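A.B. asks: Provided herewith: structure24.pdb, PDB, C-alpha atoms.
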```
MODEL        1
ATOM      1  CA  SER A   1     -25.578  85.720 -34.759  1.00  0.00           C
ATOM      2  CA  LEU A   2     -25.098  89.231 -36.124  1.00  0.00           C
ATOM      3  CA  TYR A   3     -24.705  88.253 -39.764  1.00  0.00           C
ATOM      4  CA  GLY A   4     -27.424  88.067 -42.394  1.00  0.00           C
ATOM      5  CA  GLU A   5     -28.671  89.202 -45.770  1.00  0.00           C
ATOM      6  CA  LYS A   6     -29.418  92.829 -44.833  1.00  0.00           C
ATOM      7  CA  PHE A   7     -27.556  95.591 -42.990  1.00  0.00           C
ATOM      8  CA  GLU A   8     -30.234  95.463 -40.297  1.00  0.00           C
ATOM      9  CA  ASP A   9     -29.172  91.879 -39.547  1.00  0.00           C
ATOM     10  CA  LEU A  10     -25.811  93.234 -38.344  1.00  0.00           C
ATOM     11  CA  ILE A  11     -27.429  95.257 -35.554  1.00  0.00           C
ATOM     12  CA  PRO A  12     -28.563  93.695 -32.254  1.00  0.00           C
ATOM     13  CA  ARG A  13     -32.336  93.715 -31.909  1.00  0.00           C
ATOM     14  CA  ASP A  14     -33.811  95.774 -29.091  1.00  0.00           C
ATOM     15  CA  GLU A  15     -35.479  92.694 -27.598  1.00  0.00           C
ATOM     16  CA  ASP A  16     -32.124  90.902 -27.384  1.00  0.00           C
ATOM     17  CA  VAL A  17     -30.505  93.767 -25.462  1.00  0.00           C
ATOM     18  CA  ARG A  18     -33.190  95.550 -23.465  1.00  0.00           C
ATOM     19  CA  ASP A  19     -33.188  93.242 -20.411  1.00  0.00           C
ATOM     20  CA  LEU A  20     -29.403  92.970 -20.044  1.00  0.00           C
ATOM     21  CA  ASP A  21     -27.553  94.548 -17.132  1.00  0.00           C
ATOM     22  CA  VAL A  22     -24.339  94.837 -19.125  1.00  0.00           C
ATOM     23  CA  LEU A  23     -23.137  93.743 -22.562  1.00  0.00           C
ATOM     24  CA  VAL A  24     -19.511  92.542 -22.423  1.00  0.00           C
ATOM     25  CA  VAL A  25     -17.445  92.916 -25.600  1.00  0.00           C
ATOM     26  CA  ASP A  26     -14.319  90.732 -25.806  1.00  0.00           C
ATOM     27  CA  LEU A  27     -13.094  90.808 -29.409  1.00  0.00           C
ATOM     28  CA  GLN A  28      -9.640  90.792 -30.987  1.00  0.00           C
ATOM     29  CA  ASP A  29      -9.300  93.491 -33.628  1.00  0.00           C
ATOM     30  CA  VAL A  30      -6.379  93.410 -36.096  1.00  0.00           C
ATOM     31  CA  GLY A  31      -5.733  97.082 -36.817  1.00  0.00           C
ATOM     32  CA  ALA A  32      -7.374  97.508 -40.239  1.00  0.00           C
ATOM     33  CA  ARG A  33     -10.643  99.298 -40.957  1.00  0.00           C
ATOM     34  CA  TYR A  34     -12.030  96.428 -43.049  1.00  0.00           C
ATOM     35  CA  TYR A  35     -12.012  94.037 -40.086  1.00  0.00           C
ATOM     36  CA  THR A  36     -15.617  94.163 -38.949  1.00  0.00           C
ATOM     37  CA  PHE A  37     -15.446  93.212 -35.265  1.00  0.00           C
ATOM     38  CA  VAL A  38     -15.117  96.849 -34.209  1.00  0.00           C
ATOM     39  CA  TRP A  39     -18.079  97.896 -36.349  1.00  0.00           C
ATOM     40  CA  THR A  40     -20.228  95.156 -34.830  1.00  0.00           C
ATOM     41  CA  ALA A  41     -19.261  96.561 -31.430  1.00  0.00           C
ATOM     42  CA  LEU A  42     -20.104 100.125 -32.513  1.00  0.00           C
ATOM     43  CA  LEU A  43     -23.495  99.087 -33.859  1.00  0.00           C
ATOM     44  CA  ALA A  44     -24.157  97.331 -30.551  1.00  0.00           C
ATOM     45  CA  LEU A  45     -23.033 100.402 -28.582  1.00  0.00           C
ATOM     46  CA  ARG A  46     -25.510 102.585 -30.444  1.00  0.00           C
ATOM     47  CA  VAL A  47     -28.264 100.201 -29.371  1.00  0.00           C
ATOM     48  CA  THR A  48     -27.154  99.829 -25.742  1.00  0.00           C
ATOM     49  CA  SER A  49     -26.762 103.590 -25.391  1.00  0.00           C
ATOM     50  CA  ARG A  50     -30.264 104.224 -26.700  1.00  0.00           C
ATOM     51  CA  LEU A  51     -31.758 101.582 -24.389  1.00  0.00           C
ATOM     52  CA  GLY A  52     -29.791 102.597 -21.302  1.00  0.00           C
ATOM     53  CA  VAL A  53     -27.835  99.328 -21.110  1.00  0.00           C
ATOM     54  CA  ARG A  54     -24.182  99.439 -20.061  1.00  0.00           C
ATOM     55  CA  MET A  55     -21.398  98.108 -22.285  1.00  0.00           C
ATOM     56  CA  LEU A  56     -18.079  96.876 -20.915  1.00  0.00           C
ATOM     57  CA  VAL A  57     -15.237  96.507 -23.444  1.00  0.00           C
ATOM     58  CA  LEU A  58     -12.358  94.231 -22.495  1.00  0.00           C
ATOM     59  CA  ASP A  59      -9.835  95.909 -24.733  1.00  0.00           C
ATOM     60  CA  ARG A  60      -6.904  94.063 -26.291  1.00  0.00           C
ATOM     61  CA  PRO A  61      -3.672  95.247 -27.919  1.00  0.00           C
ATOM     62  CA  ASN A  62      -3.548  95.971 -31.619  1.00  0.00           C
ATOM     63  CA  PRO A  63      -1.502  93.026 -32.984  1.00  0.00           C
ATOM     64  CA  ILE A  64       0.221  95.171 -35.628  1.00  0.00           C
ATOM     65  CA  GLY A  65       1.006  97.975 -33.207  1.00  0.00           C
ATOM     66  CA  CYS A  66      -0.204 101.513 -32.578  1.00  0.00           C
ATOM     67  CA  ALA A  67       2.784 103.562 -33.718  1.00  0.00           C
ATOM     68  CA  ASP A  68       1.645 106.883 -35.196  1.00  0.00           C
ATOM     69  CA  ASP A  69       4.140 106.617 -38.055  1.00  0.00           C
ATOM     70  CA  ALA A  70       2.516 103.349 -39.187  1.00  0.00           C
ATOM     71  CA  ILE A  71      -0.859 104.914 -40.030  1.00  0.00           C
ATOM     72  CA  GLU A  72      -1.689 104.373 -43.714  1.00  0.00           C
ATOM     73  CA  GLY A  73      -4.477 105.130 -46.151  1.00  0.00           C
ATOM     74  CA  LYS A  74      -6.782 108.109 -46.634  1.00  0.00           C
ATOM     75  CA  LEU A  75     -10.120 108.366 -44.883  1.00  0.00           C
ATOM     76  CA  GLN A  76     -12.967 107.082 -46.995  1.00  0.00           C
ATOM     77  CA  ASP A  77     -15.523 109.644 -48.190  1.00  0.00           C
ATOM     78  CA  GLU A  78     -18.876 109.455 -46.376  1.00  0.00           C
ATOM     79  CA  PRO A  79     -20.785 107.879 -49.318  1.00  0.00           C
ATOM     80  CA  TYR A  80     -18.337 104.949 -49.225  1.00  0.00           C
ATOM     81  CA  CYS A  81     -18.706 104.143 -45.535  1.00  0.00           C
ATOM     82  CA  SER A  82     -20.037 100.635 -44.984  1.00  0.00           C
ATOM     83  CA  PHE A  83     -19.696  97.647 -42.683  1.00  0.00           C
ATOM     84  CA  VAL A  84     -16.039  97.390 -43.760  1.00  0.00           C
ATOM     85  CA  GLY A  85     -15.501 100.953 -42.532  1.00  0.00           C
ATOM     86  CA  LEU A  86     -18.543 102.361 -40.774  1.00  0.00           C
ATOM     87  CA  VAL A  87     -17.016 105.805 -40.188  1.00  0.00           C
ATOM     88  CA  PRO A  88     -14.145 107.623 -41.941  1.00  0.00           C
ATOM     89  CA  ILE A  89     -10.871 106.240 -40.594  1.00  0.00           C
ATOM     90  CA  PRO A  90      -7.481 105.360 -42.129  1.00  0.00           C
ATOM     91  CA  ILE A  91      -7.024 101.858 -43.536  1.00  0.00           C
ATOM     92  CA  ARG A  92      -4.333 101.108 -40.945  1.00  0.00           C
ATOM     93  CA  HIS A  93      -5.571 103.174 -38.032  1.00  0.00           C
ATOM     94  CA  ALA A  94      -3.080 102.363 -35.219  1.00  0.00           C
ATOM     95  CA  LEU A  95      -5.860 102.174 -32.611  1.00  0.00           C
ATOM     96  CA  THR A  96      -7.355  99.457 -30.446  1.00  0.00           C
ATOM     97  CA  LEU A  97     -10.993  98.443 -30.612  1.00  0.00           C
ATOM     98  CA  GLY A  98     -11.589 100.154 -27.273  1.00  0.00           C
ATOM     99  CA  GLU A  99      -9.974 103.384 -28.456  1.00  0.00           C
ATOM    100  CA  ILE A 100     -12.195 103.469 -31.536  1.00  0.00           C
ATOM    101  CA  LEU A 101     -15.305 102.920 -29.439  1.00  0.00           C
ATOM    102  CA  ALA A 102     -14.260 105.621 -26.939  1.00  0.00           C
ATOM    103  CA  TRP A 103     -13.753 108.037 -29.856  1.00  0.00           C
ATOM    104  CA  ARG A 104     -17.144 107.226 -31.352  1.00  0.00           C
ATOM    105  CA  ALA A 105     -18.875 107.459 -27.966  1.00  0.00           C
ATOM    106  CA  LYS A 106     -17.528 110.994 -27.585  1.00  0.00           C
ATOM    107  CA  GLU A 107     -18.352 112.027 -31.154  1.00  0.00           C
ATOM    108  CA  GLU A 108     -21.846 110.507 -31.161  1.00  0.00           C
ATOM    109  CA  LYS A 109     -22.623 111.237 -27.486  1.00  0.00           C
ATOM    110  CA  LEU A 110     -23.174 107.558 -26.732  1.00  0.00           C
ATOM    111  CA  GLU A 111     -23.569 106.703 -23.049  1.00  0.00           C
ATOM    112  CA  GLY A 112     -22.946 103.728 -20.790  1.00  0.00           C
ATOM    113  CA  LEU A 113     -19.534 102.695 -22.178  1.00  0.00           C
ATOM    114  CA  ALA A 114     -16.780 101.440 -19.867  1.00  0.00           C
ATOM    115  CA  ILE A 115     -13.432 100.167 -21.132  1.00  0.00           C
ATOM    116  CA  ALA A 116     -10.949  97.914 -19.373  1.00  0.00           C
ATOM    117  CA  GLY A 117      -7.949  99.318 -21.177  1.00  0.00           C
ATOM    118  CA  VAL A 118      -4.567  97.950 -22.214  1.00  0.00           C
ATOM    119  CA  ARG A 119      -1.684  98.860 -19.899  1.00  0.00           C
ATOM    120  CA  GLY A 120       2.042  98.165 -19.827  1.00  0.00           C
ATOM    121  CA  LEU A 121       2.597  97.824 -23.590  1.00  0.00           C
ATOM    122  CA  GLU A 122       4.533 100.223 -25.791  1.00  0.00           C
ATOM    123  CA  ALA A 123       2.428 101.801 -28.534  1.00  0.00           C
ATOM    124  CA  ALA A 124       4.715 100.459 -31.261  1.00  0.00           C
ATOM    125  CA  ALA A 125       4.742  96.907 -29.846  1.00  0.00           C
ATOM    126  CA  ASP A 126       3.104  94.199 -31.925  1.00  0.00           C
ATOM    127  CA  ALA A 127       1.855  90.707 -31.123  1.00  0.00           C
ATOM    128  CA  ARG A 128       5.384  89.381 -30.724  1.00  0.00           C
ATOM    129  CA  ALA A 129       5.642  91.398 -27.484  1.00  0.00           C
ATOM    130  CA  TRP A 130       2.551  89.872 -25.873  1.00  0.00           C
ATOM    131  CA  ASP A 131       4.344  86.880 -24.342  1.00  0.00           C
ATOM    132  CA  ARG A 132       1.497  84.634 -25.467  1.00  0.00           C
ATOM    133  CA  ALA A 133       0.357  82.860 -28.602  1.00  0.00           C
ATOM    134  CA  PHE A 134      -1.524  84.653 -31.363  1.00  0.00           C
ATOM    135  CA  VAL A 135      -4.943  82.987 -31.424  1.00  0.00           C
ATOM    136  CA  LEU A 136      -6.726  83.319 -34.750  1.00  0.00           C
ATOM    137  CA  PRO A 137      -9.775  85.593 -34.346  1.00  0.00           C
ATOM    138  CA  SER A 138     -11.370  84.345 -37.588  1.00  0.00           C
ATOM    139  CA  PRO A 139     -10.682  81.578 -40.140  1.00  0.00           C
ATOM    140  CA  ASN A 140      -8.872  83.788 -42.643  1.00  0.00           C
ATOM    141  CA  MET A 141      -6.735  85.506 -39.988  1.00  0.00           C
ATOM    142  CA  PRO A 142      -4.692  82.457 -38.934  1.00  0.00           C
ATOM    143  CA  THR A 143      -1.381  84.045 -37.898  1.00  0.00           C
ATOM    144  CA  PHE A 144       0.306  87.257 -36.798  1.00  0.00           C
ATOM    145  CA  ASP A 145       1.927  87.357 -40.263  1.00  0.00           C
ATOM    146  CA  THR A 146      -1.564  87.492 -41.782  1.00  0.00           C
ATOM    147  CA  ALA A 147      -2.450  90.469 -39.619  1.00  0.00           C
ATOM    148  CA  LEU A 148       0.732  92.290 -40.687  1.00  0.00           C
ATOM    149  CA  VAL A 149      -0.145  92.142 -44.383  1.00  0.00           C
ATOM    150  CA  TYR A 150      -3.938  92.388 -44.043  1.00  0.00           C
ATOM    151  CA  PRO A 151      -4.297  96.217 -44.294  1.00  0.00           C
ATOM    152  CA  GLY A 152      -2.873  95.924 -47.809  1.00  0.00           C
ATOM    153  CA  GLY A 153      -3.791  92.347 -48.623  1.00  0.00           C
ATOM    154  CA  CYS A 154      -7.516  92.939 -48.194  1.00  0.00           C
ATOM    155  CA  LEU A 155      -7.398  95.316 -51.184  1.00  0.00           C
ATOM    156  CA  LEU A 156      -7.062  92.181 -53.328  1.00  0.00           C
ATOM    157  CA  GLU A 157     -10.691  91.344 -52.584  1.00  0.00           C
ATOM    158  CA  GLY A 158     -11.703  94.129 -54.954  1.00  0.00           C
ATOM    159  CA  THR A 159      -9.769  92.541 -57.817  1.00  0.00           C
ATOM    160  CA  ASN A 160      -9.977  89.335 -59.874  1.00  0.00           C
ATOM    161  CA  LEU A 161      -6.792  88.082 -58.189  1.00  0.00           C
ATOM    162  CA  SER A 162      -7.084  85.298 -55.640  1.00  0.00           C
ATOM    163  CA  GLU A 163      -6.196  86.701 -52.230  1.00  0.00           C
ATOM    164  CA  GLY A 164      -5.319  83.200 -51.064  1.00  0.00           C
ATOM    165  CA  ARG A 165      -8.691  82.238 -49.620  1.00  0.00           C
ATOM    166  CA  GLY A 166      -8.804  78.486 -49.880  1.00  0.00           C
ATOM    167  CA  CYS A 167      -5.109  78.314 -48.981  1.00  0.00           C
ATOM    168  CA  THR A 168      -3.424  78.058 -45.607  1.00  0.00           C
ATOM    169  CA  ARG A 169      -1.859  81.557 -45.816  1.00  0.00           C
ATOM    170  CA  PRO A 170      -4.574  83.938 -47.058  1.00  0.00           C
ATOM    171  CA  PHE A 171      -3.551  87.503 -47.943  1.00  0.00           C
ATOM    172  CA  GLU A 172       0.136  86.545 -47.790  1.00  0.00           C
ATOM    173  CA  ILE A 173      -0.335  84.364 -50.894  1.00  0.00           C
ATOM    174  CA  PHE A 174      -2.044  85.816 -53.944  1.00  0.00           C
ATOM    175  CA  GLY A 175      -2.139  85.498 -57.698  1.00  0.00           C
ATOM    176  CA  ALA A 176      -4.139  84.182 -60.653  1.00  0.00           C
ATOM    177  CA  PRO A 177      -3.794  81.633 -63.479  1.00  0.00           C
ATOM    178  CA  TRP A 178      -2.353  84.285 -65.819  1.00  0.00           C
ATOM    179  CA  ILE A 179       0.179  85.775 -63.372  1.00  0.00           C
ATOM    180  CA  ASP A 180       3.904  85.189 -63.879  1.00  0.00           C
ATOM    181  CA  GLY A 181       5.086  84.946 -60.280  1.00  0.00           C
ATOM    182  CA  GLU A 182       8.767  85.146 -61.142  1.00  0.00           C
ATOM    183  CA  ARG A 183       8.237  88.414 -62.996  1.00  0.00           C
ATOM    184  CA  LEU A 184       6.005  89.829 -60.255  1.00  0.00           C
ATOM    185  CA  ALA A 185       8.577  89.016 -57.554  1.00  0.00           C
ATOM    186  CA  ARG A 186      11.398  90.503 -59.620  1.00  0.00           C
ATOM    187  CA  GLU A 187       9.525  93.737 -60.333  1.00  0.00           C
ATOM    188  CA  TYR A 188       8.421  94.100 -56.706  1.00  0.00           C
ATOM    189  CA  ALA A 189      12.033  93.760 -55.559  1.00  0.00           C
ATOM    190  CA  ALA A 190      12.885  96.698 -57.839  1.00  0.00           C
ATOM    191  CA  SER A 191       9.921  98.821 -56.674  1.00  0.00           C
ATOM    192  CA  GLY A 192      11.631 100.333 -53.624  1.00  0.00           C
ATOM    193  CA  CYS A 193       9.086  99.022 -51.109  1.00  0.00           C
ATOM    194  CA  GLN A 194      10.739  98.203 -47.800  1.00  0.00           C
ATOM    195  CA  GLY A 195      10.321  95.551 -45.134  1.00  0.00           C
ATOM    196  CA  ALA A 196       9.197  92.537 -47.156  1.00  0.00           C
ATOM    197  CA  ILE A 197      10.149  90.237 -49.994  1.00  0.00           C
ATOM    198  CA  ALA A 198       7.824  88.614 -52.510  1.00  0.00           C
ATOM    199  CA  ARG A 199       8.625  84.959 -53.184  1.00  0.00           C
ATOM    200  CA  PRO A 200       7.282  83.476 -56.434  1.00  0.00           C
ATOM    201  CA  LEU A 201       5.148  80.361 -56.166  1.00  0.00           C
ATOM    202  CA  THR A 202       2.376  78.335 -57.771  1.00  0.00           C
ATOM    203  CA  PHE A 203      -0.710  77.541 -55.693  1.00  0.00           C
ATOM    204  CA  ARG A 204      -4.180  76.064 -56.114  1.00  0.00           C
ATOM    205  CA  PRO A 205      -7.018  77.537 -54.003  1.00  0.00           C
ATOM    206  CA  THR A 206      -9.437  74.887 -52.740  1.00  0.00           C
ATOM    207  CA  PHE A 207     -12.369  77.333 -53.063  1.00  0.00           C
ATOM    208  CA  HIS A 208     -13.282  80.961 -53.827  1.00  0.00           C
ATOM    209  CA  LYS A 209     -11.596  82.801 -56.729  1.00  0.00           C
ATOM    210  CA  HIS A 210      -9.909  80.430 -59.201  1.00  0.00           C
ATOM    211  CA  GLY A 211     -10.746  77.495 -56.955  1.00  0.00           C
ATOM    212  CA  GLY A 212      -9.160  74.268 -58.211  1.00  0.00           C
ATOM    213  CA  GLN A 213      -6.958  76.099 -60.730  1.00  0.00           C
ATOM    214  CA  ASN A 214      -3.182  76.460 -60.690  1.00  0.00           C
ATOM    215  CA  CYS A 215      -2.293  80.098 -60.048  1.00  0.00           C
ATOM    216  CA  GLY A 216       0.980  81.892 -60.465  1.00  0.00           C
ATOM    217  CA  GLY A 217       1.741  84.502 -57.857  1.00  0.00           C
ATOM    218  CA  VAL A 218       3.811  85.374 -54.828  1.00  0.00           C
ATOM    219  CA  GLN A 219       3.900  84.959 -51.081  1.00  0.00           C
ATOM    220  CA  VAL A 220       4.743  88.148 -49.202  1.00  0.00           C
ATOM    221  CA  HIS A 221       7.209  87.558 -46.367  1.00  0.00           C
ATOM    222  CA  VAL A 222       7.578  90.484 -43.952  1.00  0.00           C
ATOM    223  CA  THR A 223      11.236  90.867 -42.971  1.00  0.00           C
ATOM    224  CA  ASP A 224      10.986  94.123 -40.996  1.00  0.00           C
ATOM    225  CA  ALA A 225       7.564  94.833 -39.483  1.00  0.00           C
ATOM    226  CA  ARG A 226       8.450  98.417 -38.518  1.00  0.00           C
ATOM    227  CA  ALA A 227       9.613  99.328 -42.021  1.00  0.00           C
ATOM    228  CA  PHE A 228       6.858  97.408 -43.837  1.00  0.00           C
ATOM    229  CA  ARG A 229       3.961  99.480 -45.151  1.00  0.00           C
ATOM    230  CA  PRO A 230       1.250  97.017 -46.158  1.00  0.00           C
ATOM    231  CA  VAL A 231      -1.026  99.438 -48.016  1.00  0.00           C
ATOM    232  CA  ALA A 232       1.767 100.926 -50.126  1.00  0.00           C
ATOM    233  CA  SER A 233       3.301  97.496 -50.749  1.00  0.00           C
ATOM    234  CA  TYR A 234       0.100  95.837 -51.923  1.00  0.00           C
ATOM    235  CA  LEU A 235      -0.868  98.813 -54.069  1.00  0.00           C
ATOM    236  CA  ALA A 236       2.493  98.370 -55.775  1.00  0.00           C
ATOM    237  CA  LEU A 237       1.895  94.626 -56.172  1.00  0.00           C
ATOM    238  CA  VAL A 238      -1.599  95.142 -57.619  1.00  0.00           C
ATOM    239  CA  THR A 239      -0.215  97.714 -60.057  1.00  0.00           C
ATOM    240  CA  LEU A 240       2.515  95.319 -61.182  1.00  0.00           C
ATOM    241  CA  ALA A 241       0.020  92.450 -61.524  1.00  0.00           C
ATOM    242  CA  ARG A 242      -2.290  94.653 -63.574  1.00  0.00           C
ATOM    243  CA  ALA A 243       0.544  95.359 -65.985  1.00  0.00           C
ATOM    244  CA  GLN A 244       0.657  91.627 -66.812  1.00  0.00           C
ATOM    245  CA  ASP A 245      -2.850  91.625 -68.326  1.00  0.00           C
TER     246      ASP A 245
ENDMDL
END
```
Can you dump the structure from the file as structure tokens?

C.D. replies:
Amino acid sequence: SLYGEKFEDLIPRDEDVRDLDVLVVDLQDVGARYYTFVWTALLALRVTSRLGVRMLVLDRPNPIGCADDAIEGKLQDEPYCSFVGLVPIPIRHALTLGEILAWRAKEEKLEGLAIAGVRGLEAAADARAWDRAFVLPSPNMPTFDTALVYPGGCLLEGTNLSEGRGCTRPFEIFGAPWIDGERLAREYAASGCQGAIARPLTFRPTFHKHGGQNCGGVQVHVTDARAFRPVASYLALVTLARAQD
């Protein structure tokens, strides 16, 4: 396991890597800098490079697409880099995990990296073009719809709003006991944001923020994935929710 109480717990130990011939990385990223699989892989690459161990990345498509015009969010300043963004990169970066590792290997002069790349898929294509089911890569990333909203929806974690953890549709559903969902949906519809509607609802998270309490809020339904801008849309929703305090 590469989780623990300290940052050092996120990094493979030398003794776990030193005797390997090759470390194979087969992880599904979801196209947002907060999703930590790619940073686990980068931390591992720094170790394998230093120890002279090869790393093979079995790259996978970005489920929300790699269209250049879909990139969103400013680069974080260096003091704010962390495990939810180890190096400065846009929130929605339009890259695959393998592309990020290849970039970092070049920038940091890391050696021993080989990538089995993605071929035959248009850059703008999303998971609907894969001709296979979307398999959840982690418990709170259950569907392709979750991945679509996640670059914006994860911003809710920095607020006192429930981001829908403890519900079956995290990040699509959000709110709080004091939120008027009808008002929030109405004001979002008038905000000018494209590609999604916000449907008012009442929900009760089974755990995490406001667990066991009835919350007013909305569920975001993406109607046009190419037009939808998750970061801009959720910033608008957070602003409108804040105005209800």

A.B. asks: Report the closest atom pair, with its distance in Å rounded to one decimal, for each residue of range 28-99 of chain A that has an atom no farther than 12 Å from range 14-17 of chain A; count only C-alpha atoms, sort by chain and then rising residue number, and write it as a tab-separated table.

C.D. replies:
```
residue	atom	partner	partner_atom	distance
A:Leu43	CA	A:Asp14	CA	11.8
A:Ala44	CA	A:Val17	CA	8.9
A:Leu45	CA	A:Val17	CA	10.5
A:Arg46	CA	A:Asp14	CA	10.8
A:Val47	CA	A:Asp14	CA	7.1
A:Thr48	CA	A:Val17	CA	6.9
A:Ser49	CA	A:Val17	CA	10.5
A:Arg50	CA	A:Asp14	CA	9.5
A:Leu51	CA	A:Asp14	CA	7.7
A:Gly52	CA	A:Val17	CA	9.8
A:Val53	CA	A:Val17	CA	7.5
A:Arg54	CA	A:Val17	CA	10.1
A:Met55	CA	A:Val17	CA	10.6
```

A.B. asks: Tell me which residues the PyMOL selection byres ((chain A and resi 223) around 7) grabs here, as a PyMOL selection string.

C.D. replies: chain A and resi 195-196+221-222+224-225

A.B. asks: Evaluating the PyMOL selection byres ((chain A and resi 171) around 8) on the displayed file yields which residues, as number ranges by chain?

C.D. replies: A: 146, 149-150, 153-154, 156, 163-165, 169-170, 172-174

A.B. asks: In Å, how far is it from CA of Pro61 in chain A to CA of Leu86 in chain A?

C.D. replies: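 Separation of CA of Pro61 in chain A and CA of Leu86 in chain A: 20.9 Å.
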
A.B. asks: Using all atoms listed in the file, pick whichever of A:Ser82, A:His93, A:Leu56, A:Phe144 has the shortest atom-to-atom distance to Asp21 in chain A.

C.D. replies: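 Among the listed residues, the smallest separation from Asp21 in chain A belongs to A:Leu56.
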
A.B. asks: Determine the nearest neighbour of Arg33 in chain A from the options A:Leu113, A:Val231, A:Leu184, A:Ala189, counting only C-alpha atoms.

C.D. replies: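 Going through A:Leu113, A:Val231, A:Leu184, A:Ala189 one by one, the smallest distance to Arg33 in chain A is for A:Val231.
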
A.B. asks: Using the chain letters and numbers from the file, give me the residues hit by the PyMOL selection byres ((chain A and resi 202) around 12), as a PyMOL selection string.

C.D. replies: chain A and resi 162+164+167+173-182+199-201+203-205+213-219

A.B. asks: So the first atom is CA of Asp68 in chain A and the second is CA of Arg226 in chain A; what is the distance between them in Å, to one decimal place?

C.D. replies: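 Between CA of Asp68 in chain A and CA of Arg226 in chain A the gap is 11.4 Å.
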
A.B. asks: If you measure from CA of Ala116 in chain A to CA of Arg60 in chain A, what distance in Å do you get, rounded to one decimal?

C.D. replies: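 If I compute the distance from CA of Ala116 in chain A to CA of Arg60 in chain A, I get 8.9 Å.
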
A.B. asks: Need the shell around Val84 in chain A: protein/DNA/RNA residues with any atom at most 8 Å away, counting only C-alpha atoms. Skip same-chain ones fewer than 6 positions apart. Format as JSON, numbers by chain?

C.D. replies: {"A": [33, 34, 35, 36, 39]}

A.B. asks: Keeping C-alpha atoms for every residue in the selection just given, could you write it to a file as a compact mmCIF listing (two decimals), keeping the file's coordinate frame?

C.D. replies:
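Saved result, selection.txt, follows:
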```txt
# COMPACT_ATOMS: atom_id res chain seq x y z
CA ARG A 33 -10.64 99.30 -40.96
CA TYR A 34 -12.03 96.43 -43.05
CA TYR A 35 -12.01 94.04 -40.09
CA THR A 36 -15.62 94.16 -38.95
CA TRP A 39 -18.08 97.90 -36.35
```

A.B. asks: Using all atoms listed in the file, which protein or nucleic acid residues come within 8 Å of range 123-126 of chain A? Drop anything in the same chain fewer than 6 positions from it, and give the result as a list in words.

C.D. replies: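 The residues satisfying every condition are Pro61, Asn62, Pro63, Ile64, Gly65, Cys66 and Ala67 of chain A.
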
A.B. asks: Between range 56-88 of chain A and range 98-109 of chain A, at 8 Å or less, what are the per-residue closest atom pairs and their distances in Å? Count all atoms listed in the file, order by chain and rising residue number, and return it as a tab-separated table.

C.D. replies:
```
residue	atom	partner	partner_atom	distance
A:Val57	CA	A:Gly98	CA	6.4
A:Leu58	CA	A:Gly98	CA	7.6
A:Asp59	CA	A:Gly98	CA	5.2
A:Arg60	CA	A:Gly98	CA	7.7
```

A.B. asks: Please, could you write that set of residues out with C-alpha atoms as a PDB file, in the frame of the given file?

C.D. replies:
```pdb
ATOM      1  CA  VAL A  57     -15.237  96.507 -23.444  1.00  0.00           C
ATOM      2  CA  LEU A  58     -12.358  94.231 -22.495  1.00  0.00           C
ATOM      3  CA  ASP A  59      -9.835  95.909 -24.733  1.00  0.00           C
ATOM      4  CA  ARG A  60      -6.904  94.063 -26.291  1.00  0.00           C
TER       5      ARG A  60
END
```

A.B. asks: Measuring between only C-alpha atoms, which one of A:Ala41, A:Ile11, A:Glu5, A:Pro137 shows the shortest distance to Gln28 in chain A?

C.D. replies: A:Pro137

A.B. asks: Of the residues A:Met141, A:Leu240, A:Ala127, A:Leu148, which is the one nearest to Tyr188 in chain A, using only C-alpha atoms?

C.D. replies: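 Checking each candidate against Tyr188 in chain A, we get A:Leu240 as the closest.
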
A.B. asks: Measuring atom to atom with only C-alpha atoms, identify which of A:Glu187, A:Trp130, A:Asn160, A:Gly112 is nearest to Val22 in chain A.

C.D. replies: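 Among A:Glu187, A:Trp130, A:Asn160, A:Gly112, it is A:Gly112 that comes nearest to Val22 in chain A.
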
A.B. asks: Have a look at A:Tyr3, A:Phe228, A:Phe37, A:Tyr80 and name the one nearest to Val25 in chain A; count all atoms listed in the file.

C.D. replies: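 Answer, going by the shortest atom-to-atom distance: A:Phe37.
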
A.B. asks: Could you name the residues that touch Val238 in chain A at 9 Å or less, counting only C-alpha atoms, but leaving out those on the same chain fewer than 2 positions away, as an mmCIF file with C-alpha atoms, keeping the file's coordinate frame?

C.D. replies:
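And here is the file that came out, out23.cif:
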```cif
data_model
loop_
_atom_site.group_PDB
_atom_site.id
_atom_site.type_symbol
_atom_site.label_atom_id
_atom_site.label_comp_id
_atom_site.auth_asym_id
_atom_site.auth_seq_id
_atom_site.Cartn_x
_atom_site.Cartn_y
_atom_site.Cartn_z
ATOM 1 C CA LEU A 155 -7.398 95.316 -51.184
ATOM 2 C CA LEU A 156 -7.062 92.181 -53.328
ATOM 3 C CA THR A 159 -9.769 92.541 -57.817
ATOM 4 C CA LEU A 161 -6.792 88.082 -58.189
ATOM 5 C CA SER A 233 3.301 97.496 -50.749
ATOM 6 C CA TYR A 234 0.100 95.837 -51.923
ATOM 7 C CA LEU A 235 -0.868 98.813 -54.069
ATOM 8 C CA ALA A 236 2.493 98.370 -55.775
ATOM 9 C CA LEU A 240 2.515 95.319 -61.182
ATOM 10 C CA ALA A 241 0.020 92.450 -61.524
ATOM 11 C CA ARG A 242 -2.290 94.653 -63.574
ATOM 12 C CA ALA A 243 0.544 95.359 -65.985
#
```

A.B. asks: Could you work out an axis-aligned bounding box for all listed atoms of range 26-43 of chain A, with 3 Å added on each of the six sides, and give its centre and edge lengths in Å to one decimal, as JSON?

C.D. replies:
```
{"center_x": -14.6, "center_y": 95.4, "center_z": -34.4, "size_x": 23.8, "size_y": 15.4, "size_z": 23.2}
```
